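What follows is a short report on a single structure.
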Amino acid sequence: MGIKGKNKQKIVVILGPTASGKSDLAVQLSLRFNGEVVSADSRQVYKGMNIGSGKITKKEMKGVPHYLLDVASPKRKFTASRYKQLSEKAINKILKKKKIPFVCGGSAFYIKALVDGIILPEVPPDWNLRKKLEKEDAESLYKKLKKIDPKRAKNIDRQNKRRLIRAIEIIEKSKKPVPGIKKNSPYNPLFLGLKISQKELSKKIEKRLKKRLQRGMVKEVKKLRESGVSFKRLEEFGMEYEWAAKYLQKKISKKEMVERIQKESEQFAKKQMAWWKNDKRINWIKTQKQAEVLVKSFL
RNA sequence: GCCGCGGUAGCUCAGUGGUAGAGCACUUCUCUGAAAAAGAAGGGGUCGUCGGUUCAAUUCCGACCCGCGGCA
């Protein structure tokens, strides 16, 4: 760490693919180094989504406080920006107690938004506007954007409608061009990345899925539906929620459900790794011991 | 045994007398308030086998092999 990190607040970031053992490591390190955990998971923020999202249980927390779990209703959409606000607040709280924040989770975009200090424009989603723009094709959206904000148009993926719509939304609502991403992080992070072979991971996912089914994963999804979360919404969540929802609607068999979840989890793990593959800041580790050595010298 | 239908990419299947496509999968990549999201690029096929017709066959004809259904 150079001078740059000197005045910044030290935080530890634990990342890695799904089923790699992040949550457990976070608890162990917190116990050892007087820390508290800030989750970085786009599904675990929702209330009632426990088994399918792999949310840590009270018992597994071993008394270590966890933040950013159960902070939203699954009926409403949570966002990266909201995540950033809440997690910053949580970190401040932890630091005030003279404890170490351990940011732990699999949602790379959330981690980046928080740790790398990306400034997300203060424009809330306008679903009506999005719906309207959704009807146009990418080319015409791109042309529209180019006219009102040529600078943003220059770097944007011109075939990605979702991004184009968001950019137009920001401009129309704020009456200003899309601001640049300023990276000005108040943190000095230590990145710990859990590395695990594809084969081993696949086995772990399989074992974990069996356990989840035993613990009542399907029942959990059924309960969510009964509490008013639509099947469409459940399918949007992906993986266990998507396929259990399809199974409950009798669109697929139980066997198919299990196969799809397994497959998609493996794909998801690969995608998760892609975010960090070329990030030189990450210390790739395999054991808790390695993590402890790194954290000790960091603090 | 007979009749019918089928055998084309890892899978499900389009298609054509001038040696082939789609979706999914796979590999690589991007990431400015949905991120388990969204998007991009790429690799891959002796078109069941052997013959025949033709300038040319994956496509037409014949035989055979394999699968599915029906009849006996």
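By convention here, the chains of the structure tokens are called A, B, ... in the order presented, each chain's residues are numbered starting at 1, and ligands are numbered starting at 1 in the order presented.
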Report as JSON lines the residues of chain A within 8 Å of chain B, each with its shortest atom pair and distance in Å (one decimal), using only C-alpha atoms (C1' of nucleotides), ordered by chain and increasing residue number.
{"residue": "A:Ser42", "atom": "CA", "partner": "B:A36", "partner_atom": "C1'", "distance": 7.7}
{"residue": "A:Arg43", "atom": "CA", "partner": "B:A36", "partner_atom": "C1'", "distance": 7.5}
{"residue": "A:Lys77", "atom": "CA", "partner": "B:A34", "partner_atom": "C1'", "distance": 7.1}
{"residue": "A:Phe78", "atom": "CA", "partner": "B:A34", "partner_atom": "C1'", "distance": 7.9}
{"residue": "A:Thr79", "atom": "CA", "partner": "B:G33", "partner_atom": "C1'", "distance": 5.8}
{"residue": "A:Ala80", "atom": "CA", "partner": "B:G33", "partner_atom": "C1'", "distance": 5.8}
{"residue": "A:Ser81", "atom": "CA", "partner": "B:G33", "partner_atom": "C1'", "distance": 4.7}
{"residue": "A:Arg82", "atom": "CA", "partner": "B:G33", "partner_atom": "C1'", "distance": 7.3}
{"residue": "A:Ser107", "atom": "CA", "partner": "B:A35", "partner_atom": "C1'", "distance": 7.2}
{"residue": "A:Ala108", "atom": "CA", "partner": "B:A35", "partner_atom": "C1'", "distance": 8.0}
{"residue": "A:Phe109", "atom": "CA", "partner": "B:A35", "partner_atom": "C1'", "distance": 6.2}
{"residue": "A:Tyr110", "atom": "CA", "partner": "B:A35", "partner_atom": "C1'", "distance": 8.0}
{"residue": "A:Ile118", "atom": "CA", "partner": "B:U32", "partner_atom": "C1'", "distance": 7.8}
{"residue": "A:Ile119", "atom": "CA", "partner": "B:U32", "partner_atom": "C1'", "distance": 7.5}
{"residue": "A:Leu120", "atom": "CA", "partner": "B:U32", "partner_atom": "C1'", "distance": 6.0}
{"residue": "A:Pro121", "atom": "CA", "partner": "B:G33", "partner_atom": "C1'", "distance": 6.9}
{"residue": "A:Glu122", "atom": "CA", "partner": "B:G33", "partner_atom": "C1'", "distance": 7.3}
{"residue": "A:Val123", "atom": "CA", "partner": "B:G33", "partner_atom": "C1'", "distance": 6.8}
{"residue": "A:Pro124", "atom": "CA", "partner": "B:G33", "partner_atom": "C1'", "distance": 6.1}
{"residue": "A:Pro125", "atom": "CA", "partner": "B:G33", "partner_atom": "C1'", "distance": 6.8}
{"residue": "A:Asp157", "atom": "CA", "partner": "B:G39", "partner_atom": "C1'", "distance": 7.2}
{"residue": "A:Gln159", "atom": "CA", "partner": "B:G39", "partner_atom": "C1'", "distance": 6.5}
{"residue": "A:Asn160", "atom": "CA", "partner": "B:G39", "partner_atom": "C1'", "distance": 4.8}
{"residue": "A:Lys161", "atom": "CA", "partner": "B:A38", "partner_atom": "C1'", "distance": 7.8}
{"residue": "A:Arg162", "atom": "CA", "partner": "B:A38", "partner_atom": "C1'", "distance": 6.0}
{"residue": "A:Arg163", "atom": "CA", "partner": "B:A38", "partner_atom": "C1'", "distance": 7.5}
{"residue": "A:Val178", "atom": "CA", "partner": "B:U32", "partner_atom": "C1'", "distance": 7.9}
{"residue": "A:Pro179", "atom": "CA", "partner": "B:U32", "partner_atom": "C1'", "distance": 7.8}
{"residue": "A:Gly180", "atom": "CA", "partner": "B:U32", "partner_atom": "C1'", "distance": 7.1}
{"residue": "A:Ile181", "atom": "CA", "partner": "B:U32", "partner_atom": "C1'", "distance": 5.9}
{"residue": "A:Phe237", "atom": "CA", "partner": "B:A36", "partner_atom": "C1'", "distance": 6.2}
{"residue": "A:Gly238", "atom": "CA", "partner": "B:A36", "partner_atom": "C1'", "distance": 5.2}
{"residue": "A:Met239", "atom": "CA", "partner": "B:A36", "partner_atom": "C1'", "distance": 6.4}
{"residue": "A:Phe268", "atom": "CA", "partner": "B:A36", "partner_atom": "C1'", "distance": 7.0}
Those residues you just picked out, can you put them in a file as a compact mmCIF listing (two decimals), in the first residue's frame with N, CA and C atoms?
# COMPACT_ATOMS: atom_id res chain seq x y z
N SER A 42 -27.04 -9.18 -4.06
CA SER A 42 -28.23 -8.54 -4.61
C SER A 42 -29.52 -9.31 -4.35
N ARG A 43 -29.44 -10.50 -3.82
CA ARG A 43 -30.64 -11.25 -3.50
C ARG A 43 -30.88 -11.34 -2.00
N LYS A 77 -38.22 -3.28 -6.32
CA LYS A 77 -36.87 -3.44 -6.86
C LYS A 77 -35.84 -2.68 -6.04
N PHE A 78 -34.84 -3.40 -5.64
CA PHE A 78 -33.70 -2.82 -4.94
C PHE A 78 -32.69 -2.40 -6.00
N THR A 79 -31.85 -1.44 -5.70
CA THR A 79 -30.89 -1.00 -6.72
C THR A 79 -29.48 -0.89 -6.17
N ALA A 80 -28.54 -0.83 -7.08
CA ALA A 80 -27.13 -0.70 -6.71
C ALA A 80 -26.88 0.60 -5.96
N SER A 81 -27.59 1.63 -6.36
CA SER A 81 -27.42 2.92 -5.71
C SER A 81 -27.86 2.87 -4.25
N ARG A 82 -29.01 2.25 -4.06
CA ARG A 82 -29.53 2.07 -2.70
C ARG A 82 -28.55 1.23 -1.88
N SER A 107 -21.98 -10.12 -5.41
CA SER A 107 -22.47 -9.18 -6.43
C SER A 107 -21.41 -8.14 -6.74
N ALA A 108 -20.68 -8.40 -7.80
CA ALA A 108 -19.51 -7.60 -8.13
C ALA A 108 -19.85 -6.13 -8.36
N PHE A 109 -20.95 -5.89 -9.01
CA PHE A 109 -21.32 -4.51 -9.29
C PHE A 109 -21.58 -3.74 -8.00
N TYR A 110 -22.17 -4.38 -7.04
CA TYR A 110 -22.41 -3.75 -5.75
C TYR A 110 -21.08 -3.43 -5.07
N ILE A 118 -17.73 4.62 -7.19
CA ILE A 118 -18.40 5.05 -8.42
C ILE A 118 -19.58 5.95 -8.05
N ILE A 119 -19.65 7.08 -8.73
CA ILE A 119 -20.76 7.98 -8.46
C ILE A 119 -21.90 7.66 -9.41
N LEU A 120 -22.99 7.22 -8.83
CA LEU A 120 -24.15 6.88 -9.64
C LEU A 120 -25.08 8.09 -9.67
N PRO A 121 -25.51 8.52 -10.85
CA PRO A 121 -26.34 9.72 -10.97
C PRO A 121 -27.60 9.64 -10.10
N GLU A 122 -27.93 10.76 -9.48
CA GLU A 122 -29.06 10.80 -8.55
C GLU A 122 -30.40 10.86 -9.28
N VAL A 123 -30.63 9.90 -10.12
CA VAL A 123 -31.89 9.89 -10.87
C VAL A 123 -32.56 8.54 -10.66
N PRO A 124 -33.67 8.54 -9.92
CA PRO A 124 -34.34 7.26 -9.68
C PRO A 124 -34.97 6.72 -10.96
N PRO A 125 -35.12 5.41 -11.05
CA PRO A 125 -35.72 4.81 -12.25
C PRO A 125 -37.15 5.31 -12.48
N ASP A 157 -22.43 1.06 -24.99
CA ASP A 157 -22.66 -0.10 -25.84
C ASP A 157 -23.94 0.18 -26.64
N GLN A 159 -25.68 -1.32 -28.64
CA GLN A 159 -26.67 -2.37 -28.86
C GLN A 159 -27.38 -2.80 -27.59
N ASN A 160 -26.97 -2.19 -26.51
CA ASN A 160 -27.54 -2.56 -25.22
C ASN A 160 -28.65 -1.59 -24.84
N LYS A 161 -29.87 -2.04 -25.10
CA LYS A 161 -31.04 -1.18 -24.88
C LYS A 161 -31.17 -0.72 -23.44
N ARG A 162 -30.91 -1.63 -22.54
CA ARG A 162 -31.08 -1.28 -21.13
C ARG A 162 -30.18 -0.11 -20.74
N ARG A 163 -28.97 -0.14 -21.21
CA ARG A 163 -28.03 0.95 -20.89
C ARG A 163 -28.43 2.24 -21.59
N VAL A 178 -25.18 12.85 -18.87
CA VAL A 178 -24.76 11.82 -17.93
C VAL A 178 -23.38 12.17 -17.38
N PRO A 179 -23.27 12.26 -16.05
CA PRO A 179 -21.96 12.59 -15.48
C PRO A 179 -20.97 11.46 -15.65
N GLY A 180 -19.71 11.80 -15.61
CA GLY A 180 -18.68 10.76 -15.72
C GLY A 180 -18.58 9.95 -14.45
N ILE A 181 -17.99 8.77 -14.52
CA ILE A 181 -17.82 7.97 -13.31
C ILE A 181 -16.56 8.44 -12.61
N PHE A 237 -35.72 -13.16 -10.42
CA PHE A 237 -34.62 -13.32 -9.47
C PHE A 237 -33.59 -14.35 -9.92
N GLY A 238 -33.99 -15.23 -10.81
CA GLY A 238 -33.04 -16.20 -11.35
C GLY A 238 -32.82 -17.41 -10.47
N MET A 239 -32.07 -18.33 -11.00
CA MET A 239 -31.64 -19.55 -10.30
C MET A 239 -32.73 -20.20 -9.44
N PHE A 268 -23.25 -18.92 -13.45
CA PHE A 268 -23.17 -17.71 -12.65
C PHE A 268 -21.79 -17.58 -12.01
Extract, using only C-alpha atoms (C1' of nucleotides), all DNA, RNA and protein residues at most 9 Å from Leu25 in chain A, discarding same-chain residues fewer than 2 positions from it, and format them as a list of chain:residue names. A:Ile14, A:Gly21, A:Lys22, A:Ser23, A:Val27, A:Gln28, A:Leu29, A:Ser30, A:Thr287, A:Gln288, A:Ala291
Those selected residues, please, written with all heavy atoms and delivered as a tab-separated table (two decimals), in the first residue's frame.
chain	number	residue	atom	x	y	z
A	14	ILE	N	-14.22	-9.49	0.84
A	14	ILE	CA	-14.14	-10.92	0.56
A	14	ILE	C	-15.03	-11.22	-0.64
A	14	ILE	O	-16.24	-10.99	-0.60
A	14	ILE	CB	-14.59	-11.75	1.77
A	14	ILE	CG1	-13.67	-11.46	2.96
A	14	ILE	CG2	-14.58	-13.25	1.43
A	14	ILE	CD1	-14.19	-12.01	4.27
A	21	GLY	N	-17.59	-20.38	-0.11
A	21	GLY	CA	-17.34	-20.31	1.33
A	21	GLY	C	-17.03	-18.92	1.86
A	21	GLY	O	-16.34	-18.78	2.86
A	22	LYS	N	-17.54	-17.91	1.17
A	22	LYS	CA	-17.27	-16.52	1.57
A	22	LYS	C	-17.86	-16.18	2.94
A	22	LYS	O	-17.16	-15.61	3.78
A	22	LYS	CB	-17.88	-15.55	0.53
A	22	LYS	CG	-17.29	-15.65	-0.84
A	22	LYS	CD	-17.89	-14.59	-1.76
A	22	LYS	CE	-19.37	-14.80	-2.07
A	22	LYS	NZ	-19.66	-15.98	-2.90
A	23	SER	N	-19.12	-16.54	3.12
A	23	SER	CA	-19.81	-16.14	4.35
A	23	SER	C	-19.11	-16.68	5.58
A	23	SER	O	-18.92	-15.98	6.57
A	23	SER	CB	-21.24	-16.66	4.32
A	23	SER	OG	-21.91	-16.18	3.19
A	27	VAL	N	-17.16	-14.61	8.74
A	27	VAL	CA	-17.45	-14.77	10.17
A	27	VAL	C	-16.17	-15.10	10.93
A	27	VAL	O	-15.87	-14.50	11.97
A	27	VAL	CB	-18.52	-15.86	10.40
A	27	VAL	CG1	-18.61	-16.23	11.87
A	27	VAL	CG2	-19.88	-15.38	9.90
A	28	GLN	N	-15.42	-16.03	10.41
A	28	GLN	CA	-14.17	-16.44	11.08
A	28	GLN	C	-13.20	-15.27	11.22
A	28	GLN	O	-12.60	-15.07	12.28
A	28	GLN	CB	-13.51	-17.59	10.31
A	28	GLN	CG	-14.29	-18.90	10.33
A	28	GLN	CD	-14.63	-19.38	11.73
A	28	GLN	OE1	-13.86	-19.23	12.67
A	28	GLN	NE2	-15.83	-19.93	11.89
A	29	LEU	N	-13.04	-14.51	10.17
A	29	LEU	CA	-12.12	-13.38	10.21
A	29	LEU	C	-12.63	-12.28	11.14
A	29	LEU	O	-11.86	-11.64	11.84
A	29	LEU	CB	-11.89	-12.82	8.80
A	29	LEU	CG	-11.14	-13.73	7.82
A	29	LEU	CD1	-11.05	-13.09	6.45
A	29	LEU	CD2	-9.74	-14.09	8.32
A	30	SER	N	-13.94	-12.10	11.16
A	30	SER	CA	-14.53	-11.09	12.04
A	30	SER	C	-14.29	-11.45	13.50
A	30	SER	O	-14.00	-10.58	14.32
A	30	SER	CB	-16.03	-10.99	11.78
A	30	SER	OG	-16.26	-10.45	10.50
A	287	THR	N	-7.23	-20.84	1.55
A	287	THR	CA	-7.52	-21.26	2.92
A	287	THR	C	-7.72	-20.07	3.86
A	287	THR	O	-7.32	-18.95	3.56
A	287	THR	CB	-6.36	-22.09	3.50
A	287	THR	OG1	-5.20	-21.23	3.58
A	287	THR	CG2	-6.03	-23.28	2.61
A	288	GLN	N	-8.32	-20.36	4.98
A	288	GLN	CA	-8.55	-19.35	6.00
A	288	GLN	C	-7.22	-18.84	6.55
A	288	GLN	O	-7.07	-17.67	6.84
A	288	GLN	CB	-9.39	-19.98	7.12
A	288	GLN	CG	-9.89	-18.97	8.12
A	288	GLN	CD	-10.64	-19.65	9.26
A	288	GLN	OE1	-11.41	-20.58	9.03
A	288	GLN	NE2	-10.39	-19.22	10.47
A	291	ALA	N	-5.78	-16.21	4.48
A	291	ALA	CA	-6.53	-14.97	4.67
A	291	ALA	C	-6.10	-14.28	5.95
A	291	ALA	O	-5.88	-13.07	5.97
A	291	ALA	CB	-8.02	-15.29	4.72
Residues within 7 Å of range 47-55 of chain B, only C-alpha atoms (C1' of nucleotides), excluding chain neighbours under 4 positions, as an MDAnalysis selection string: chainID B and resid 7:8 65
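Comparing the minimum interatomic distances between Leu114 in chain A and each of A:Lys131, A:Arg281, A:Lys204, A:Lys183, counting only C-alpha atoms, we find that A:Lys183 sits nearest.
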Strand (DSSP E or B) call set, DSSP backbone run, range 61-229 of chain A, as a ChimeraX atom specification: /A:66-67,72,100-104,187-194
Enumerate the residues of range 25-258 of chain A with a DSSP assignment of alpha helix (DSSP H), computed from the backbone, and present them as JSON, numbers by chain. {"A": [25, 26, 27, 28, 29, 30, 31, 32, 33, 58, 59, 60, 61, 80, 81, 82, 83, 84, 85, 86, 87, 88, 89, 90, 91, 92, 93, 94, 95, 96, 108, 109, 110, 111, 112, 113, 114, 115, 127, 128, 129, 130, 131, 132, 133, 134, 138, 139, 140, 141, 142, 143, 144, 145, 146, 147, 148, 150, 151, 152, 153, 154, 155, 161, 162, 163, 164, 165, 166, 167, 168, 169, 170, 171, 172, 173, 174, 198, 199, 200, 201, 202, 203, 204, 205, 206, 207, 208, 209, 210, 211, 212, 213, 214, 217, 218, 219, 220, 221, 222, 223, 224, 225, 226, 231, 232, 233, 234, 235, 236, 239, 240, 241, 242, 243, 244, 245, 246, 247, 248, 254, 255, 256, 257, 258]}
In terms of only C-alpha atoms (C1' of nucleotides), the residue from B:A72, B:A25, B:G67, B:U19 at minimal distance from C5 in chain B is B:G67
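The closest residue to Ser39 in chain A, picked from A:Ile51, A:Cys104, A:Ala19, A:Val71 and counting only C-alpha atoms, is A:Cys104.
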Hey, can you check how far CA of Tyr241 in chain A sits from CA of Glu220 in chain A? 9.2 Å
Here CA of Pro17 in chain A and CA of Glu264 in chain A stand apart by 12.6 Å
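Closest to Lys195 in chain A among A:Lys8, A:Lys47, A:Arg76, A:Lys286 is A:Lys286, based on only C-alpha atoms.
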